[in-house]
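Visitor: Take this structure first; my questions come after.
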Amino acid sequence: MLPEVALYLLTVLLLPALAGVAVGGFGVVMVARCAEADRARAVRCAQVGQALAAPIAFMASFLLETGPVGLPPVERWHVLPYAVGAAAIVGAIVSGMRSAWWVQWSIVAAILGGLAWKFVVFPASNPYLQAGLLGSIVLVGLLWSAVARDACSVGMAMMAAIVFAGLGVLMVLANFASLGVMAFAVAAALAGLGMVSGVLNLREAARLRAAASVQPSAVDAQSVGETCPAEAVCELVPWTAAAATALAAIACVLALCGHAYNYGEVRPLHWAAILLSPFFALLICRPCLRGVKPIVGVAWRAGLCLVVVLATIINAAGHDDDADGGSGAAGSDPMMDMLEESK
Amino acid sequence: MRTLIVASSLIAVPFLVAMSRPMSGAPSGATAPITQPAAAGELTLDPVHSMALFRIQHLEAGQFWGRINALSGSVAWPLDDSAAPTIKAVAEIKNIDTGSEKLDNNLKGPNFFNEKEFPSISFSSTGGTRVAERHWMLTGDLSLHGVTKPVQVDCVVTGVGKGPTGKKVGFECMVTIKRSDFGMTWGIEKPPKALGDEVRLVIGLEADETKAE
């Protein structure tokens, strides 16, 4: 049984995650290999790949776990691959545009929020819930865009990975294991992308430092210091607001899906806390991290996010246990059950 | 005066005797044979005594049993067994009962029954062939998980008794289905062999004679 479970996890979790890492990481690798002068175009291509990484992981996991779904979908949650596909397309196109972060955020939030409001309808939905979905995509998108601007690409990817992993755990607690596995695949893809970015960013920083020390005349030490200070993360491919907003939209839709099909004790506040957990990473602002090693900055931000996510999960799991303990489930005192029945 | 009393008694006695007989007109006594073919009376399922048991293999090992309580619906069956029973039964997924609330919730979720979208399972028989006395092979449509498929149900009349509202008829029906036919595939291949594909349903029905309004 164990090898079969391992093979299953490889199929529905690891392979999709690797597919996401491949798409997202390929661009970063290409940028790292490019000459500095030719990088502008390569960076935009890599940013498109970065926007596609998580959606590809999700859709691959969905396809391998559930199989292809028709249109219109038989079950309402089968709208997810279409919603994530739309987020991938919009996020990628807008990421490739040269525009200010707020323009990117506005376009992506408006399009994806509108599409979700109209087409992503789960059971027991009502106009207020749909408006809430639209509002959450706008607000969480804004928050994640701010995080993408403030944190480095590694920090952003790691925080997003923590959020999706947290959503996955909540989905398991809500008795929606298959969607949980898909969220884990997205988390693994983002974590992998973060690691690839981290390694290449550090290599790039080392290369620039070496170049500056060997050929001080060839490389303007002042400009190197400005673009990539010795103790900061050297950003090869920063996250765009479009990619961050699209990722936030996917997270919001997954959270609403988990809430709509919740058969556990997961409460709306739990989903909201996980979605908003990157806010706490913003408390460690960029000036606070001046002079510290890049990995310390990432660890602080991701760590704060992780603490919030873990606290939320522990709280949700506690509610789940309470509910099971007080319901006369198997293993409880039969005398108490009889007393309950007699009431 | 005496003549009047005697005459009244002669009129009243047959009337009282007639009043004291059961309304249904069926012979009294459980063992009495059914001599007159009864009409295909409409019987209403008694939810307290009607349930469906399901059996599925878990991790290629044990056969796990669960039940869905409180079936509702109706049965039309002539008490003389002259025709196949026509059964319409509905099982609400919210009444699933495995003895573990966590497992119940898991089964109600979208990986299995998806109760929020498909809140009930229904069976509606369309015909039947006689296997033996009070034993029928019914054909009908089973709707499960949003998919309707024809199935054959082995149905035995377990007895005809009397309840507080009139006659009570018991049925025990069995059917084996492949849940993958109904789009319920979680656990068959992914995760591999967690649960079997074949599900045996044993349905116990108790139906009451419908009261005349």
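Naming works like this for the structure tokens: A, B, ... for the chains as they're shown, residue 1 at the start of each chain, ligands 1 onward in shown order.
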Please tabulate, as JSON lines, the residues of chain B that come within 10 Å of chain A, each with its closest pair of atoms and the distance in Å to one decimal, counting only C-alpha atoms and ordering rows by chain, then residue number upward.

Guide:
```
{"residue": "B:Leu59", "atom": "CA", "partner": "A:Met1", "partner_atom": "CA", "distance": 8.3}
{"residue": "B:Glu60", "atom": "CA", "partner": "A:Met1", "partner_atom": "CA", "distance": 9.5}
{"residue": "B:Thr98", "atom": "CA", "partner": "A:Ala330", "partner_atom": "CA", "distance": 9.1}
{"residue": "B:Gly99", "atom": "CA", "partner": "A:Ala330", "partner_atom": "CA", "distance": 5.6}
{"residue": "B:Ser100", "atom": "CA", "partner": "A:Ala329", "partner_atom": "CA", "distance": 5.0}
{"residue": "B:Glu101", "atom": "CA", "partner": "A:Ala329", "partner_atom": "CA", "distance": 5.5}
{"residue": "B:Lys102", "atom": "CA", "partner": "A:Asp324", "partner_atom": "CA", "distance": 6.9}
{"residue": "B:Leu103", "atom": "CA", "partner": "A:Asn175", "partner_atom": "CA", "distance": 8.9}
{"residue": "B:Asp104", "atom": "CA", "partner": "A:Tyr263", "partner_atom": "CA", "distance": 9.1}
{"residue": "B:Asn105", "atom": "CA", "partner": "A:Tyr263", "partner_atom": "CA", "distance": 5.3}
{"residue": "B:Asn106", "atom": "CA", "partner": "A:Asn175", "partner_atom": "CA", "distance": 5.1}
{"residue": "B:Leu107", "atom": "CA", "partner": "A:Asn175", "partner_atom": "CA", "distance": 8.5}
{"residue": "B:Lys108", "atom": "CA", "partner": "A:Tyr263", "partner_atom": "CA", "distance": 7.4}
{"residue": "B:Gly109", "atom": "CA", "partner": "A:Asn175", "partner_atom": "CA", "distance": 6.3}
{"residue": "B:Pro110", "atom": "CA", "partner": "A:Phe176", "partner_atom": "CA", "distance": 6.6}
{"residue": "B:Asn111", "atom": "CA", "partner": "A:Phe176", "partner_atom": "CA", "distance": 6.5}
{"residue": "B:Phe112", "atom": "CA", "partner": "A:Phe176", "partner_atom": "CA", "distance": 9.5}
{"residue": "B:Asn114", "atom": "CA", "partner": "A:Tyr261", "partner_atom": "CA", "distance": 8.1}
{"residue": "B:Glu115", "atom": "CA", "partner": "A:Tyr261", "partner_atom": "CA", "distance": 8.9}
{"residue": "B:Lys116", "atom": "CA", "partner": "A:Pro123", "partner_atom": "CA", "distance": 6.2}
{"residue": "B:Glu117", "atom": "CA", "partner": "A:Pro123", "partner_atom": "CA", "distance": 6.5}
{"residue": "B:Phe118", "atom": "CA", "partner": "A:Glu75", "partner_atom": "CA", "distance": 9.1}
{"residue": "B:His145", "atom": "CA", "partner": "A:Glu75", "partner_atom": "CA", "distance": 9.2}
{"residue": "B:Gly146", "atom": "CA", "partner": "A:Val74", "partner_atom": "CA", "distance": 7.9}
{"residue": "B:Val147", "atom": "CA", "partner": "A:Val74", "partner_atom": "CA", "distance": 9.6}
{"residue": "B:Gly183", "atom": "CA", "partner": "A:Val74", "partner_atom": "CA", "distance": 9.7}
{"residue": "B:Thr185", "atom": "CA", "partner": "A:Thr66", "partner_atom": "CA", "distance": 8.4}
{"residue": "B:Trp186", "atom": "CA", "partner": "A:Thr66", "partner_atom": "CA", "distance": 8.2}
{"residue": "B:Glu189", "atom": "CA", "partner": "A:Tyr8", "partner_atom": "CA", "distance": 8.6}
{"residue": "B:Lys190", "atom": "CA", "partner": "A:Tyr8", "partner_atom": "CA", "distance": 6.5}
{"residue": "B:Pro191", "atom": "CA", "partner": "A:Tyr8", "partner_atom": "CA", "distance": 5.9}
{"residue": "B:Pro192", "atom": "CA", "partner": "A:Glu4", "partner_atom": "CA", "distance": 6.3}
{"residue": "B:Lys193", "atom": "CA", "partner": "A:Met1", "partner_atom": "CA", "distance": 8.3}
{"residue": "B:Ala194", "atom": "CA", "partner": "A:Met1", "partner_atom": "CA", "distance": 8.9}
```

Visitor: From range 22-184 of chain A, collect each residue whose DSSP state is helix (DSSP H, G or I) and return the set as a VMD selection string.

Guide: chain A and resid 22 to 33 36 to 66 76 to 95 101 to 119 127 to 150 153 to 173 177 to 184

Visitor: For Ala244 in chain A, which residue out of A:Val196, A:Val121, A:Ala317, A:Ala148 is the nearest one, using only C-alpha atoms?

Guide: A:Ala148

Visitor: Check the smallest atom-to-atom distance from each of B:Val48, B:Met174, B:Leu53, B:Cys155 to Ala207 in chain B using only C-alpha atoms, then report the winner.

Guide: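 Of B:Val48, B:Met174, B:Leu53, B:Cys155, the one nearest Ala207 in chain B, counting only C-alpha atoms, is B:Val48.
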